[in-house]
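Beneath this line is the structure, given in structure tokens, with notes to follow.
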Amino acid sequence: MTPDTMPHQSQREWHIWFDGSACPNPGRIGLGVFVLGPEGQQREYSGLAAQGGCNNEAELLALGKALEIARESGARRILLLGDSDFVVRHVNGLDSTAAVRLRDLILHTRELMTGFAACRLAWIPRHRNRAADRLSRAALGLPDKPGLHPGLLRRRR
């Protein structure tokens with residue numbers, strides 16, 4: 001493949017990991033985003049949300065921040081990766097909630113996903129989301145949490 005036949009950088013997929021933490025739950029919200037561009041560019045975000053809320057709000061706000069960063073970075077094709085089953089199911093339209101505050105955030109997040117040439121949202125296990133988790137916890141002044149790989153967990157008897 002020559003430079004002329006290679007897809008333009010904006011046509012190649014960006015991978016973006018996101019995580020939100022609420023401490024206590026509900027409480028202050030920390031947001032973490034880790035971006036990996038198609039040319040190896042990396043960007044990290046660790047910050048507090050303007051409002052407090054529960055863990056599901058934290059995850060939705062982190063996804064919103066990830067989408068904002070993707071847009072600022074010039075990404076056109078993105079793969080969003082998060083360990084919140086709630087967020088992935090609800091934003092992808094596979095589930096619904098009666099909680100108005102969460103419903104509004106879900107609708108807002110879906111709106112933020114428009115305007116990209118391609119935008120996919122996928123669930124990953126917690127041990128594969130360590131960078132974003134570290135960043136969301138750091139925003140709250142919390143230490144990294146040990147994230148054992150599932151194969152290393154001991155069974156309790």
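Order determines the names: the first chain of the structure tokens is A, the second B, and so forth; residues in each chain are numbered 1 upward, and ligands are numbered 1 upward as they are shown.
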
Determine which residues of segment 14-125 of chain A DSSP labels as helix (DSSP H, G or I) from the backbone of this structure, then write them out as a PyMOL selection string.
chain A and resi 55-72+85-91+100-113

Set the distance at 10 Å and use only C-alpha atoms: which residues neighbour Thr97 of chain A once local chain neighbours fewer than 4 positions away are removed? I'd like the list as an MDAnalysis selection string.
chainID A and resid 86 90 101:103 106

Using DSSP on the backbone coordinates, identify all residues within segment 7-52 of chain A classified as strand (DSSP E); present the result as a PyMOL selection string.
chain A and resi 13-23+28-36+42-48

I need the residues from that last selection saved to file as a CSV table (one decimal), in the first residue's frame (with N, CA, C and O atoms), if you can.
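Done, and the output landed in selection.csv:
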chain,number,residue,atom,x,y,z
A,13,GLU,N,-10.0,4.1,11.9
A,13,GLU,CA,-10.7,4.1,13.2
A,13,GLU,C,-9.8,4.5,14.4
A,13,GLU,O,-8.7,4.0,14.5
A,14,TRP,N,-10.4,5.3,15.2
A,14,TRP,CA,-9.8,5.7,16.5
A,14,TRP,C,-10.4,4.8,17.6
A,14,TRP,O,-11.6,4.5,17.5
A,15,HIS,N,-9.6,4.4,18.5
A,15,HIS,CA,-10.1,3.6,19.7
A,15,HIS,C,-10.1,4.5,20.9
A,15,HIS,O,-9.1,5.1,21.2
A,16,ILE,N,-11.3,4.5,21.6
A,16,ILE,CA,-11.4,5.4,22.7
A,16,ILE,C,-12.0,4.6,23.9
A,16,ILE,O,-13.1,4.1,23.8
A,17,TRP,N,-11.3,4.6,25.0
A,17,TRP,CA,-11.7,3.9,26.2
A,17,TRP,C,-12.3,5.0,27.1
A,17,TRP,O,-11.7,6.1,27.3
A,18,PHE,N,-13.4,4.7,27.8
A,18,PHE,CA,-14.0,5.7,28.7
A,18,PHE,C,-14.4,5.0,30.0
A,18,PHE,O,-14.7,3.8,30.0
A,19,ASP,N,-14.4,5.8,31.1
A,19,ASP,CA,-14.9,5.2,32.4
A,19,ASP,C,-15.3,6.4,33.3
A,19,ASP,O,-14.7,7.5,33.2
A,20,GLY,N,-16.3,6.2,34.1
A,20,GLY,CA,-16.8,7.2,35.1
A,20,GLY,C,-16.8,6.6,36.4
A,20,GLY,O,-17.1,5.4,36.6
A,21,SER,N,-16.5,7.3,37.5
A,21,SER,CA,-16.6,6.9,38.8
A,21,SER,C,-17.4,7.9,39.7
A,21,SER,O,-17.3,9.1,39.5
A,22,ALA,N,-18.2,7.3,40.6
A,22,ALA,CA,-19.0,8.2,41.5
A,22,ALA,C,-18.5,7.8,42.9
A,22,ALA,O,-18.5,6.6,43.3
A,23,CYS,N,-18.1,8.8,43.7
A,23,CYS,CA,-17.6,8.5,45.0
A,23,CYS,C,-18.1,9.6,46.0
A,23,CYS,O,-17.8,10.8,45.8
A,28,ARG,N,-19.6,12.7,44.1
A,28,ARG,CA,-18.8,13.4,43.1
A,28,ARG,C,-18.5,12.5,41.9
A,28,ARG,O,-18.4,11.3,42.1
A,29,ILE,N,-18.3,13.0,40.7
A,29,ILE,CA,-18.1,12.2,39.5
A,29,ILE,C,-16.8,12.5,38.9
A,29,ILE,O,-16.5,13.7,38.6
A,30,GLY,N,-16.0,11.4,38.7
A,30,GLY,CA,-14.7,11.5,38.0
A,30,GLY,C,-14.8,10.9,36.6
A,30,GLY,O,-15.5,9.9,36.5
A,31,LEU,N,-14.2,11.6,35.7
A,31,LEU,CA,-14.3,11.1,34.3
A,31,LEU,C,-12.9,10.7,33.8
A,31,LEU,O,-11.9,11.4,34.1
A,32,GLY,N,-12.8,9.6,33.1
A,32,GLY,CA,-11.5,9.2,32.5
A,32,GLY,C,-11.7,8.8,31.0
A,32,GLY,O,-12.7,8.1,30.7
A,33,VAL,N,-10.8,9.3,30.2
A,33,VAL,CA,-10.9,8.9,28.8
A,33,VAL,C,-9.4,8.7,28.3
A,33,VAL,O,-8.6,9.5,28.6
A,34,PHE,N,-9.3,7.6,27.5
A,34,PHE,CA,-8.0,7.3,26.9
A,34,PHE,C,-8.2,7.2,25.4
A,34,PHE,O,-9.0,6.3,25.0
A,35,VAL,N,-7.5,7.9,24.6
A,35,VAL,CA,-7.7,7.9,23.2
A,35,VAL,C,-6.4,7.4,22.5
A,35,VAL,O,-5.3,7.8,22.8
A,36,LEU,N,-6.6,6.5,21.5
A,36,LEU,CA,-5.6,6.0,20.7
A,36,LEU,C,-6.0,6.2,19.2
A,36,LEU,O,-6.9,5.6,18.7
A,42,GLN,N,-1.8,9.5,21.2
A,42,GLN,CA,-2.5,9.2,22.4
A,42,GLN,C,-2.9,10.5,23.1
A,42,GLN,O,-2.2,11.5,23.0
A,43,ARG,N,-4.0,10.4,23.8
A,43,ARG,CA,-4.5,11.6,24.6
A,43,ARG,C,-5.2,11.0,25.8
A,43,ARG,O,-5.9,10.0,25.7
A,44,GLU,N,-5.0,11.6,26.9
A,44,GLU,CA,-5.7,11.2,28.2
A,44,GLU,C,-6.5,12.4,28.7
A,44,GLU,O,-6.1,13.6,28.6
A,45,TYR,N,-7.6,12.1,29.3
A,45,TYR,CA,-8.4,13.1,30.0
A,45,TYR,C,-8.8,12.5,31.4
A,45,TYR,O,-9.3,11.4,31.5
A,46,SER,N,-8.6,13.3,32.4
A,46,SER,CA,-9.0,13.0,33.8
A,46,SER,C,-9.5,14.3,34.4
A,46,SER,O,-8.8,15.3,34.5
A,47,GLY,N,-10.8,14.3,34.7
A,47,GLY,CA,-11.4,15.5,35.3
A,47,GLY,C,-12.7,15.2,36.0
A,47,GLY,O,-13.3,14.1,35.9
A,48,LEU,N,-13.2,16.2,36.8
A,48,LEU,CA,-14.4,16.1,37.5
A,48,LEU,C,-15.6,16.6,36.7
A,48,LEU,O,-15.4,17.6,35.9

For Cys119 of chain A, find every residue with an atom within 12 Å (counting only C-alpha atoms), except residues of its own chain fewer than 6 positions away, and show them as a short mmCIF file (atom, residue, chain, number, x, y, z; two decimals) with N, CA and C atoms, in the first residue's frame.
data_model
loop_
_atom_site.label_atom_id
_atom_site.label_comp_id
_atom_site.auth_asym_id
_atom_site.auth_seq_id
_atom_site.Cartn_x
_atom_site.Cartn_y
_atom_site.Cartn_z
N GLN A 11 -10.09 8.67 8.05
CA GLN A 11 -10.94 7.57 7.61
C GLN A 11 -10.62 6.28 8.34
N ARG A 12 -9.55 6.26 9.11
CA ARG A 12 -9.19 5.08 9.87
C ARG A 12 -9.75 5.20 11.27
N GLU A 13 -9.96 4.08 11.92
CA GLU A 13 -10.69 4.06 13.19
C GLU A 13 -9.82 4.47 14.38
N TRP A 14 -10.39 5.30 15.21
CA TRP A 14 -9.82 5.70 16.49
C TRP A 14 -10.42 4.81 17.56
N HIS A 15 -9.64 4.39 18.55
CA HIS A 15 -10.13 3.59 19.67
C HIS A 15 -10.12 4.48 20.91
N ILE A 16 -11.26 4.51 21.59
CA ILE A 16 -11.41 5.41 22.73
C ILE A 16 -12.03 4.65 23.90
N ALA A 66 -15.75 11.52 26.04
CA ALA A 66 -14.99 10.78 25.03
C ALA A 66 -15.40 11.22 23.62
N LEU A 67 -16.69 11.39 23.41
CA LEU A 67 -17.20 11.83 22.11
C LEU A 67 -16.74 13.26 21.79
N ALA A 70 -13.12 13.06 20.82
CA ALA A 70 -12.99 12.48 19.48
C ALA A 70 -13.25 13.54 18.42
N ARG A 71 -14.29 14.32 18.62
CA ARG A 71 -14.64 15.37 17.67
C ARG A 71 -13.52 16.42 17.59
N ALA A 75 -11.40 12.96 14.67
CA ALA A 75 -11.75 11.57 14.36
C ALA A 75 -13.06 11.52 13.58
N ARG A 76 -13.11 10.66 12.60
CA ARG A 76 -14.33 10.46 11.81
C ARG A 76 -14.93 9.08 12.05
N ARG A 77 -14.06 8.11 12.34
CA ARG A 77 -14.50 6.74 12.61
C ARG A 77 -13.98 6.36 13.99
N ILE A 78 -14.91 6.02 14.89
CA ILE A 78 -14.49 5.75 16.26
C ILE A 78 -15.11 4.46 16.79
N LEU A 79 -14.33 3.80 17.62
CA LEU A 79 -14.78 2.66 18.39
C LEU A 79 -14.67 3.06 19.85
N LEU A 80 -15.80 3.14 20.53
CA LEU A 80 -15.86 3.53 21.94
C LEU A 80 -15.94 2.27 22.78
N LEU A 81 -15.08 2.17 23.78
CA LEU A 81 -14.99 0.97 24.60
C LEU A 81 -15.18 1.32 26.07
N VAL A 91 -27.45 3.01 25.48
CA VAL A 91 -27.09 3.92 24.38
C VAL A 91 -27.27 3.21 23.03
N ASN A 92 -27.01 1.91 22.99
CA ASN A 92 -27.21 1.15 21.75
C ASN A 92 -28.69 0.82 21.50
N THR A 109 -26.37 11.68 24.73
CA THR A 109 -25.21 10.91 24.28
C THR A 109 -25.43 10.41 22.85
N ARG A 110 -26.62 9.92 22.57
CA ARG A 110 -26.93 9.47 21.20
C ARG A 110 -26.78 10.61 20.20
N GLU A 111 -27.20 11.81 20.59
CA GLU A 111 -27.05 12.98 19.71
C GLU A 111 -25.58 13.27 19.45
N LEU A 112 -24.74 13.14 20.50
CA LEU A 112 -23.31 13.38 20.34
C LEU A 112 -22.65 12.38 19.39
N MET A 113 -23.25 11.20 19.25
CA MET A 113 -22.69 10.15 18.39
C MET A 113 -22.96 10.41 16.91
#

So which one's closest to Glu68 of chain A, A:Pro26, A:Gly141, A:Pro146, A:Gly115? Using only C-alpha atoms, please.
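Residue with the minimum atom-to-atom distance to Glu68 of chain A: A:Gly115.
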
Please list as a list in words every residue within 9 Å of Gly27 of chain A, counting only C-alpha atoms and excluding residues in the same chain fewer than 3 positions away.
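Result of the neighbour search: Ala22, Cys23, Pro24, Gln51, Gly52, Gly53, Cys54 and Asn55 of chain A.
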
Store the residues picked out above, limited to C-alpha atoms, as a short mmCIF file (atom, residue, chain, number, x, y, z; two decimals), in the first residue's frame.
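For reference, again.cif as written:
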data_model
loop_
_atom_site.label_atom_id
_atom_site.label_comp_id
_atom_site.auth_asym_id
_atom_site.auth_seq_id
_atom_site.Cartn_x
_atom_site.Cartn_y
_atom_site.Cartn_z
CA ALA A 22 -18.96 8.17 41.50
CA CYS A 23 -17.63 8.53 45.02
CA PRO A 24 -19.58 7.88 47.11
CA GLN A 51 -22.45 17.88 38.77
CA GLY A 52 -22.58 14.86 41.01
CA GLY A 53 -24.62 11.73 40.49
CA CYS A 54 -24.67 7.96 40.46
CA ASN A 55 -22.29 5.51 38.78
#
